[in-house]
>>> print(open('start-v8.csv').read())   # CSV, C-alpha atoms
chain,number,residue,atom,x,y,z
A,132,MET,CA,-145.7,62.1,-37.5
A,133,VAL,CA,-143.0,60.7,-35.2
A,134,ASP,CA,-141.2,57.5,-35.8
A,135,PRO,CA,-141.0,56.1,-32.2
A,136,ASN,CA,-138.1,53.9,-33.3
A,137,THR,CA,-135.7,56.7,-34.0
A,138,SER,CA,-134.4,59.6,-32.1
A,139,GLU,CA,-135.6,62.1,-34.6
A,140,THR,CA,-139.0,63.5,-35.4
A,141,THR,CA,-140.5,64.5,-38.6
A,142,PHE,CA,-143.2,66.6,-36.9
A,143,GLN,CA,-144.2,69.7,-38.6
A,144,PRO,CA,-145.1,72.7,-36.4
A,145,ARG,CA,-148.8,72.6,-35.6
A,146,ARG,CA,-151.1,75.4,-35.0
A,147,ARG,CA,-152.6,75.7,-31.5
A,148,ASP,CA,-156.1,75.0,-32.8
A,149,THR,CA,-155.0,71.9,-34.7
A,150,ASP,CA,-156.8,68.6,-33.7
A,151,LEU,CA,-154.0,66.7,-31.9
A,152,SER,CA,-155.9,63.5,-31.6
A,153,ALA,CA,-153.5,62.2,-34.3
A,154,LEU,CA,-150.8,62.2,-31.6
A,155,ASP,CA,-152.4,59.2,-29.9
A,156,GLY,CA,-149.8,56.4,-29.8
A,157,VAL,CA,-146.8,58.8,-30.1
A,158,ARG,CA,-144.3,58.6,-27.4
A,159,PHE,CA,-143.8,61.6,-25.2
A,160,PHE,CA,-140.9,62.2,-22.8
A,161,HIS,CA,-140.4,64.2,-19.7
A,162,TYR,CA,-136.8,64.7,-18.5
A,163,THR,CA,-136.0,65.6,-14.9
A,164,ASP,CA,-133.4,65.2,-12.2
A,165,ASP,CA,-133.3,62.7,-9.3
A,166,ALA,CA,-135.7,64.7,-7.0
A,167,GLY,CA,-138.2,65.2,-9.8
A,168,HIS,CA,-138.1,61.6,-10.7
A,169,LYS,CA,-138.8,60.5,-7.2
A,170,ALA,CA,-141.7,62.9,-6.8
A,171,ILE,CA,-143.4,62.1,-10.1
A,172,ARG,CA,-143.2,58.3,-9.6
A,173,ALA,CA,-144.4,58.5,-6.0
A,174,HIS,CA,-147.9,57.4,-7.1
A,175,PRO,CA,-149.1,54.8,-9.5
A,176,ASP,CA,-150.4,57.5,-11.8
A,177,TRP,CA,-147.7,59.9,-12.7
A,178,THR,CA,-148.6,63.5,-12.1
A,179,PHE,CA,-146.5,66.2,-13.8
A,180,ARG,CA,-147.1,69.4,-12.0
A,181,ALA,CA,-147.7,72.5,-14.1
A,182,GLY,CA,-145.5,75.4,-13.2
A,183,GLN,CA,-144.0,78.6,-14.5
A,184,PRO,CA,-140.9,77.8,-16.5
A,185,PRO,CA,-138.1,80.2,-16.9
A,186,GLY,CA,-138.3,82.6,-19.9
A,187,SER,CA,-141.3,83.5,-21.9
A,188,HIS,CA,-143.1,80.2,-21.9
A,189,PRO,CA,-146.6,79.6,-20.8
A,190,PHE,CA,-147.4,78.2,-17.4
A,191,GLY,CA,-147.6,74.4,-17.7
A,192,ALA,CA,-146.2,70.9,-17.5
A,193,TYR,CA,-143.7,70.4,-20.4
A,194,PHE,CA,-142.9,67.3,-22.5
A,195,THR,CA,-141.0,66.5,-25.7
A,196,THR,CA,-141.1,63.9,-28.5
A,197,LEU,CA,-137.3,63.9,-28.5
A,198,ALA,CA,-136.2,60.5,-27.3
A,199,PRO,CA,-133.1,59.8,-25.2
A,200,GLY,CA,-130.1,59.7,-27.5
A,201,THR,CA,-131.4,62.6,-29.6
A,202,ARG,CA,-128.5,64.7,-30.9
A,203,HIS,CA,-128.0,67.9,-28.9
A,204,LEU,CA,-130.9,67.2,-26.6
A,205,ALA,CA,-129.8,69.6,-23.8
A,206,LYS,CA,-129.2,72.4,-26.3
A,207,ARG,CA,-132.6,71.9,-28.0
A,208,LEU,CA,-134.4,72.0,-24.7
A,209,ARG,CA,-132.0,74.6,-23.3
A,210,VAL,CA,-131.5,72.8,-20.0
A,211,PRO,CA,-128.5,71.7,-18.0
A,212,ARG,CA,-127.4,68.1,-18.6
A,213,THR,CA,-128.2,67.4,-15.0
A,214,LYS,CA,-131.9,67.9,-15.8
A,215,LEU,CA,-131.7,65.0,-18.3
A,216,GLU,CA,-130.6,62.4,-15.8
A,217,TYR,CA,-134.0,60.7,-15.6
A,218,VAL,CA,-136.8,60.3,-18.1
A,219,PHE,CA,-140.5,59.3,-18.2
A,220,ALA,CA,-141.9,57.9,-21.4
A,221,PHE,CA,-145.5,57.5,-22.2
A,222,VAL,CA,-147.9,57.1,-25.1
A,223,GLY,CA,-150.8,59.4,-26.1
A,224,GLY,CA,-150.8,63.2,-26.1
A,225,ASP,CA,-154.3,64.0,-24.9
A,226,GLY,CA,-154.5,67.6,-23.9
A,227,LEU,CA,-151.0,68.5,-24.9
A,228,LYS,CA,-150.4,71.6,-27.1
A,229,PRO,CA,-147.3,72.4,-29.2
A,230,LEU,CA,-145.1,75.2,-28.1
A,231,ARG,CA,-145.6,78.2,-30.3
A,232,GLY,CA,-142.9,78.6,-32.9
A,233,GLY,CA,-140.2,76.3,-34.3
A,234,ARG,CA,-139.7,74.3,-31.1
A,235,GLY,CA,-143.3,73.4,-31.3
A,236,ALA,CA,-142.2,70.6,-33.6
A,237,TYR,CA,-141.0,68.7,-30.5
A,238,VAL,CA,-142.0,70.6,-27.4
A,239,PHE,CA,-145.5,70.3,-26.0
A,240,TYR,CA,-147.2,71.4,-22.8
A,241,SER,CA,-150.3,71.1,-20.7
A,242,GLU,CA,-151.7,74.2,-19.1
A,243,TRP,CA,-152.7,72.1,-16.0
A,244,ASP,CA,-151.2,69.3,-14.0
A,245,TYR,CA,-150.9,66.4,-16.3
A,246,VAL,CA,-151.7,62.9,-15.1
A,247,VAL,CA,-150.5,59.8,-17.0
A,248,SER,CA,-152.3,56.6,-16.0
A,249,GLU,CA,-150.5,53.3,-15.7
A,250,SER,CA,-151.9,52.1,-19.0
A,251,ARG,CA,-150.0,54.9,-20.8
A,252,GLN,CA,-146.7,54.5,-19.0
A,253,ARG,CA,-143.9,52.9,-20.8
A,254,TYR,CA,-140.6,53.7,-18.9
A,255,SER,CA,-139.3,55.7,-16.0
A,256,GLY,CA,-135.7,55.6,-14.8
A,257,PRO,CA,-132.2,56.7,-15.7
A,258,THR,CA,-132.1,58.2,-19.2
A,259,GLY,CA,-128.9,56.2,-19.9
A,260,GLU,CA,-130.8,53.0,-19.3
A,261,PHE,CA,-133.7,53.8,-21.6
A,262,PRO,CA,-134.2,50.9,-24.1
A,263,GLY,CA,-132.6,51.8,-27.3
A,264,ASN,CA,-130.7,54.8,-25.9
A,265,GLU,CA,-127.6,55.2,-28.1
A,266,GLU,CA,-125.9,57.7,-25.8
B,32,MET,CA,-137.9,70.9,-18.6
B,33,ILE,CA,-137.6,73.8,-21.0
B,34,GLY,CA,-135.4,76.9,-20.9
B,35,GLY,CA,-134.8,80.1,-22.8
B,36,SER,CA,-137.2,82.5,-24.4
B,37,ASP,CA,-138.6,81.8,-27.9
B,38,PHE,CA,-139.1,84.7,-30.4
B,39,THR,CA,-140.8,83.8,-33.7
B,40,PHE,CA,-140.6,86.1,-36.6
B,41,PRO,CA,-143.1,85.4,-39.4
B,42,THR,CA,-141.2,85.5,-42.7
B,43,PRO,CA,-141.5,83.8,-46.0
B,44,ALA,CA,-137.9,84.4,-46.7
B,45,GLY,CA,-136.9,80.8,-45.7
B,46,ALA,CA,-133.2,80.0,-46.0
B,47,LEU,CA,-132.5,83.7,-46.7
B,48,ALA,CA,-133.8,84.5,-43.3
B,49,LEU,CA,-131.5,82.0,-41.7
B,50,ARG,CA,-128.5,83.4,-43.5
B,51,SER,CA,-129.4,87.0,-42.5
B,52,THR,CA,-129.8,86.0,-38.9
B,53,VAL,CA,-126.5,84.2,-38.8
B,54,ARG,CA,-124.9,87.3,-40.2
B,55,ALA,CA,-126.5,89.5,-37.6
B,56,ILE,CA,-125.0,87.1,-34.9
B,57,VAL,CA,-121.6,87.5,-36.4
B,58,ASP,CA,-122.0,91.2,-36.1
B,59,LEU,CA,-122.8,90.7,-32.5
B,60,TRP,CA,-120.2,88.0,-31.8
B,61,PRO,CA,-117.2,88.3,-34.2
B,62,ASN,CA,-115.8,85.0,-32.9
B,63,ALA,CA,-119.1,83.1,-33.3
B,64,VAL,CA,-119.1,79.4,-34.3
B,65,PHE,CA,-122.2,77.6,-35.6
B,66,GLU,CA,-123.4,74.0,-35.3
B,67,ASP,CA,-125.9,72.2,-37.5
B,68,ALA,CA,-128.4,70.7,-35.0
B,69,ASP,CA,-128.9,67.7,-37.3
B,70,SER,CA,-125.2,66.9,-37.6
B,71,GLU,CA,-122.5,65.5,-35.4
B,72,THR,CA,-119.9,67.7,-37.1
B,73,ALA,CA,-117.9,70.2,-35.0
B,74,PRO,CA,-119.0,73.8,-34.9
B,75,VAL,CA,-117.7,76.0,-37.7
B,76,THR,CA,-117.4,79.6,-38.6
B,77,ILE,CA,-120.0,81.2,-40.8
B,78,ASP,CA,-117.9,80.4,-43.9
B,79,GLY,CA,-118.2,76.7,-43.2
B,80,LEU,CA,-122.0,76.6,-43.1
B,81,GLN,CA,-124.0,74.9,-45.8
B,82,PHE,CA,-127.1,77.2,-45.8
B,83,GLY,CA,-129.0,75.2,-48.4
B,84,THR,CA,-129.9,72.4,-46.1
B,85,LEU,CA,-129.8,74.1,-42.7
B,86,LYS,CA,-133.0,74.2,-40.7
B,87,GLU,CA,-131.8,74.3,-37.1
B,88,VAL,CA,-128.6,75.9,-35.9
B,89,PHE,CA,-126.8,76.6,-32.6
B,90,ALA,CA,-124.8,79.8,-32.6
B,91,TYR,CA,-122.1,80.1,-29.9
B,92,ARG,CA,-120.3,83.3,-28.8
B,93,ASP,CA,-117.0,81.5,-29.4
B,94,SER,CA,-115.5,78.0,-29.5
B,95,GLN,CA,-115.0,77.9,-25.7
B,96,SER,CA,-118.7,78.5,-25.2
B,97,ALA,CA,-119.5,75.7,-27.8
B,98,MET,CA,-117.4,73.3,-25.8
B,99,ALA,CA,-119.0,74.3,-22.5
B,100,TRP,CA,-122.5,73.8,-23.9
B,101,GLU,CA,-121.5,70.4,-25.3
B,102,ASN,CA,-120.2,69.3,-22.0
B,103,ASP,CA,-122.8,70.8,-19.6
B,104,GLY,CA,-125.8,72.1,-21.5
B,105,ALA,CA,-127.4,75.2,-20.2
B,106,THR,CA,-125.4,76.6,-17.2
B,107,ALA,CA,-125.7,80.0,-15.6
B,108,GLU,CA,-122.2,80.9,-16.9
B,109,GLN,CA,-123.0,80.1,-20.5
B,110,PHE,CA,-126.8,80.7,-20.7
B,111,ASN,CA,-126.5,83.8,-22.8
B,112,ALA,CA,-123.6,82.5,-24.9
B,113,MET,CA,-125.7,80.3,-27.2
B,114,ILE,CA,-128.6,81.3,-29.6
B,115,HIS,CA,-130.7,78.6,-31.1
B,116,LEU,CA,-132.2,79.2,-34.6
B,117,VAL,CA,-135.1,77.2,-36.0
B,118,ALA,CA,-136.2,78.0,-39.5
B,119,SER,CA,-139.4,76.9,-41.1
B,120,THR,CA,-141.3,77.7,-44.3
B,121,ASN,CA,-143.2,80.5,-42.7
B,122,GLY,CA,-141.1,81.8,-39.9
B,123,MET,CA,-137.8,82.0,-38.0
B,124,THR,CA,-137.7,81.2,-34.3
B,125,ILE,CA,-134.8,82.5,-32.2
B,126,VAL,CA,-134.3,81.0,-28.8
B,127,VAL,CA,-132.2,83.0,-26.4
B,128,GLY,CA,-131.2,83.0,-22.8
B,129,ASP,CA,-132.1,86.4,-21.3
B,130,PRO,CA,-133.7,88.7,-23.9
B,131,ALA,CA,-133.2,91.7,-21.6
B,132,GLU,CA,-129.4,91.3,-21.8
B,133,PRO,CA,-128.2,94.2,-23.9
B,134,ASP,CA,-126.4,92.3,-26.6
B,135,ILE,CA,-129.3,89.8,-27.0
B,136,SER,CA,-131.9,92.6,-27.1
B,137,ALA,CA,-129.9,94.4,-29.8
B,138,LEU,CA,-129.6,91.2,-31.8
B,139,LEU,CA,-133.4,90.6,-31.7
B,140,SER,CA,-134.0,94.2,-32.9
B,141,ALA,CA,-131.5,93.8,-35.7
B,142,VAL,CA,-133.0,90.5,-36.8
B,143,ARG,CA,-136.5,92.0,-36.7
B,144,ARG,CA,-135.5,94.8,-38.9
B,145,THR,CA,-133.6,92.6,-41.3
B,146,LEU,CA,-136.4,90.1,-41.7
B,147,VAL,CA,-139.0,92.7,-42.2
B,148,ALA,CA,-136.9,94.2,-45.0
B,149,GLU,CA,-136.3,90.8,-46.6
B,150,SER,CA,-139.9,89.7,-46.3
B,151,VAL,CA,-141.1,92.4,-48.7
B,152,PRO,CA,-139.2,91.2,-51.8
B,153,ALA,CA,-139.8,87.5,-50.8
B,154,LEU,CA,-143.5,88.2,-50.6
B,155,VAL,CA,-143.4,90.0,-54.0
B,156,GLY,CA,-141.6,87.0,-55.4
B,157,ALA,CA,-144.1,84.5,-54.0
B,158,ALA,CA,-147.0,86.5,-55.5
B,159,ALA,CA,-145.4,86.7,-58.9
>>> encode(input="start-v8.csv", output="structure tokens")
Amino acid sequence: MVDPNTSETTFQPRRRDTDLSALDGVRFFHYTDDAGHKAIRAHPDWTFRAGQPPGSHPFGAYFTTLAPGTRHLAKRLRVPRTKLEYVFAFVGGDGLKPLRGGRGAYVFYSEWDYVVSESRQRYSGPTGEFPGNEE
Amino acid sequence: MIGGSDFTFPTPAGALALRSTVRAIVDLWPNAVFEDADSETAPVTIDGLQFGTLKEVFAYRDSQSAMAWENDGATAEQFNAMIHLVASTNGMTIVVGDPAEPDISALLSAVRRTLVAESVPALVGAAA
């Protein structure tokens, strides 16, 4: 399970057919840039649009359990640092699947647009101002 | 929010698989440096790696690429200059930039051959 008070995760890779209800209460994060941040928070319920990511990954909306301040975050997600400027944090992982392979320990996705209601929302804003961020 | 392409090779070879993959990368990139993803220490050459505890490694084409990745993350200029390795008990995941790039394609083929060859004795050992 994930310790939400640290920047590290002790997740073990999960099979796609694993019951993920145990992830309830775990914090998930979505990193984005300024434009993405404004678009997602335009409505009270956050909607993360599914799309085709670069590379071989499935169509979907992507999230991670790696908190702001995690070592080598941009490298682990393989994104530019500019894509880490803003972060959304929420609890519960209903409907999220782990990415196949080793990065499935901390990368999850939804095959469809993913809506996070206000009750699950915990933070949105600059990644550098995330509570507890050590960066 | 995610980049690269992930290739997972089922293998029971564990740490042996990681070592073999790192060697294949050195064959591809003679000036490669490596960084333990769970450490803050600076990238090192293959001789400086402590394989016994390694689970997740970033491999860079050279020290300049390592610095660029540290400063900027994934950029167009450096996208293919880093390979991310994630070892687990039953597989090895290799995350690359563009798998169609000739060097990267050759590396993936070499790793596949190596891991298949090493999996056979590992499986025999596991069954013994």
>>> interface_residues(input="start-v8.csv", of="chain A", to="chain B", cutoff="8 Å", atoms="all atoms listed in the file", output="PyMOL selection string")
chain A and resi 161-163+184-188+193-194+202-203+205-214+232-234
>>> atom_distance(input="start-v8.csv", atom1="atom CA of A:Val238", atom2="atom CA of B:Leu49")
21.1 Å
>>> residues_around(input="start-v8.csv", residues="B:Pro74", least_positions_apart="2", cutoff="7 Å", atoms="all atoms listed in the file", output="list in words")
Val64, Phe65, Glu66 and Thr72 of chain B
>>> closest_residue(input="start-v8.csv", among="A:Lys169, A:Asp176, A:Tyr240, A:Ala198", to="A:Pro262", atoms="all atoms listed in the file")
A:Ala198
>>> closest_residue(input="start-v8.csv", among="B:Ala73, B:Gly79, B:Ala55, B:Leu85", to="B:Ala137", atoms="all atoms listed in the file")
B:Ala55
>>> atom_distance(input="start-v8.csv", atom1="atom CA of B:Glu132", atom2="atom CA of B:Thr76")
23.7 Å
>>> closest_residue(input="start-v8.csv", among="A:Pro199, A:Gly259, A:Gly223, A:Pro189", to="A:Glu242", atoms="all atoms listed in the file")
A:Pro189
>>> closest_residue(input="start-v8.csv", among="A:Tyr237, A:Tyr254, A:Trp243, A:Tyr217", to="A:Ala170", atoms="all atoms listed in the file")
A:Tyr217
>>> atom_distance(input="start-v8.csv", atom1="atom CA of A:Gln252", atom2="atom CA of A:Phe179")
12.8 Å
>>> closest_residue(input="start-v8.csv", among="A:Ala220, A:Gly226, A:Thr196, A:Ala181", to="A:Ser250", atoms="all atoms listed in the file")
A:Ala220
>>> closest_residue(input="start-v8.csv", among="A:Asp244, A:Val157, A:Gly200, A:Arg180", to="A:Val218", atoms="only C-alpha atoms")
A:Gly200
>>> residues_around(input="start-v8.csv", residues="B:Ile77", least_positions_apart="2", cutoff="10 Å", atoms="only C-alpha atoms", output="VMD selection string")
chain B and resid 50 53 to 54 56 to 57 62 to 66 74 to 75 79 to 82 90
>>> build_atoms(input="start-v8.csv", residues="stretch 190-217 of chain A", atoms="N, CA and C atoms", output="tab-separated table (two decimals), keeping the file's coordinate frame")
chain	number	residue	atom	x	y	z
A	190	PHE	N	-147.29	79.01	-18.57
A	190	PHE	CA	-147.40	78.20	-17.40
A	190	PHE	C	-147.85	76.78	-17.84
A	191	GLY	N	-147.21	75.75	-17.31
A	191	GLY	CA	-147.60	74.40	-17.70
A	191	GLY	C	-146.66	73.33	-17.31
A	192	ALA	N	-147.04	72.11	-17.67
A	192	ALA	CA	-146.20	70.90	-17.50
A	192	ALA	C	-145.65	70.62	-18.94
A	193	TYR	N	-144.33	70.41	-19.06
A	193	TYR	CA	-143.70	70.40	-20.40
A	193	TYR	C	-143.20	68.95	-20.74
A	194	PHE	N	-143.29	68.64	-22.04
A	194	PHE	CA	-142.90	67.30	-22.50
A	194	PHE	C	-142.26	67.50	-23.92
A	195	THR	N	-141.60	66.45	-24.35
A	195	THR	CA	-141.00	66.50	-25.70
A	195	THR	C	-141.16	65.16	-26.39
A	196	THR	N	-141.10	65.19	-27.69
A	196	THR	CA	-141.10	63.90	-28.50
A	196	THR	C	-139.66	63.52	-28.79
A	197	LEU	N	-138.68	64.27	-28.31
A	197	LEU	CA	-137.30	63.90	-28.50
A	197	LEU	C	-136.86	62.81	-27.57
A	198	ALA	N	-136.51	61.68	-28.10
A	198	ALA	CA	-136.20	60.50	-27.30
A	198	ALA	C	-134.78	60.61	-26.71
A	199	PRO	N	-134.51	59.85	-25.66
A	199	PRO	CA	-133.10	59.80	-25.20
A	199	PRO	C	-132.20	59.35	-26.33
A	200	GLY	N	-131.05	59.97	-26.40
A	200	GLY	CA	-130.10	59.70	-27.50
A	200	GLY	C	-130.22	60.68	-28.63
A	201	THR	N	-131.24	61.55	-28.60
A	201	THR	CA	-131.40	62.60	-29.60
A	201	THR	C	-130.14	63.49	-29.62
A	202	ARG	N	-129.65	63.82	-30.80
A	202	ARG	CA	-128.50	64.70	-30.90
A	202	ARG	C	-128.83	66.07	-30.20
A	203	HIS	N	-127.89	66.57	-29.44
A	203	HIS	CA	-128.00	67.90	-28.90
A	203	HIS	C	-129.26	68.13	-28.06
A	204	LEU	N	-129.64	67.13	-27.30
A	204	LEU	CA	-130.90	67.20	-26.60
A	204	LEU	C	-130.91	68.36	-25.55
A	205	ALA	N	-129.85	68.50	-24.77
A	205	ALA	CA	-129.80	69.60	-23.80
A	205	ALA	C	-129.85	70.95	-24.42
A	206	LYS	N	-129.23	71.06	-25.60
A	206	LYS	CA	-129.20	72.40	-26.30
A	206	LYS	C	-130.61	72.67	-26.85
A	207	ARG	N	-131.26	71.64	-27.42
A	207	ARG	CA	-132.60	71.90	-28.00
A	207	ARG	C	-133.60	72.27	-26.94
A	208	LEU	N	-133.49	71.66	-25.78
A	208	LEU	CA	-134.40	72.00	-24.70
A	208	LEU	C	-133.92	73.16	-23.86
A	209	ARG	N	-132.64	73.48	-24.05
A	209	ARG	CA	-132.00	74.60	-23.30
A	209	ARG	C	-132.05	74.35	-21.81
A	210	VAL	N	-131.58	73.19	-21.41
A	210	VAL	CA	-131.50	72.80	-20.00
A	210	VAL	C	-130.16	72.30	-19.66
A	211	PRO	N	-129.79	72.31	-18.37
A	211	PRO	CA	-128.50	71.70	-18.00
A	211	PRO	C	-128.58	70.17	-18.20
A	212	ARG	N	-127.46	69.57	-18.43
A	212	ARG	CA	-127.40	68.10	-18.60
A	212	ARG	C	-127.94	67.40	-17.37
A	213	THR	N	-127.76	68.03	-16.21
A	213	THR	CA	-128.20	67.40	-15.00
A	213	THR	C	-129.73	67.22	-14.96
A	214	LYS	N	-130.43	68.01	-15.76
A	214	LYS	CA	-131.90	67.90	-15.80
A	214	LYS	C	-132.34	66.81	-16.82
A	215	LEU	N	-131.37	66.10	-17.36
A	215	LEU	CA	-131.70	65.00	-18.30
A	215	LEU	C	-131.36	63.65	-17.70
A	216	GLU	N	-131.08	63.61	-16.41
A	216	GLU	CA	-130.60	62.40	-15.80
A	216	GLU	C	-131.66	61.27	-15.80
A	217	TYR	N	-132.92	61.68	-15.66
A	217	TYR	CA	-134.00	60.70	-15.60
A	217	TYR	C	-135.06	61.06	-16.64
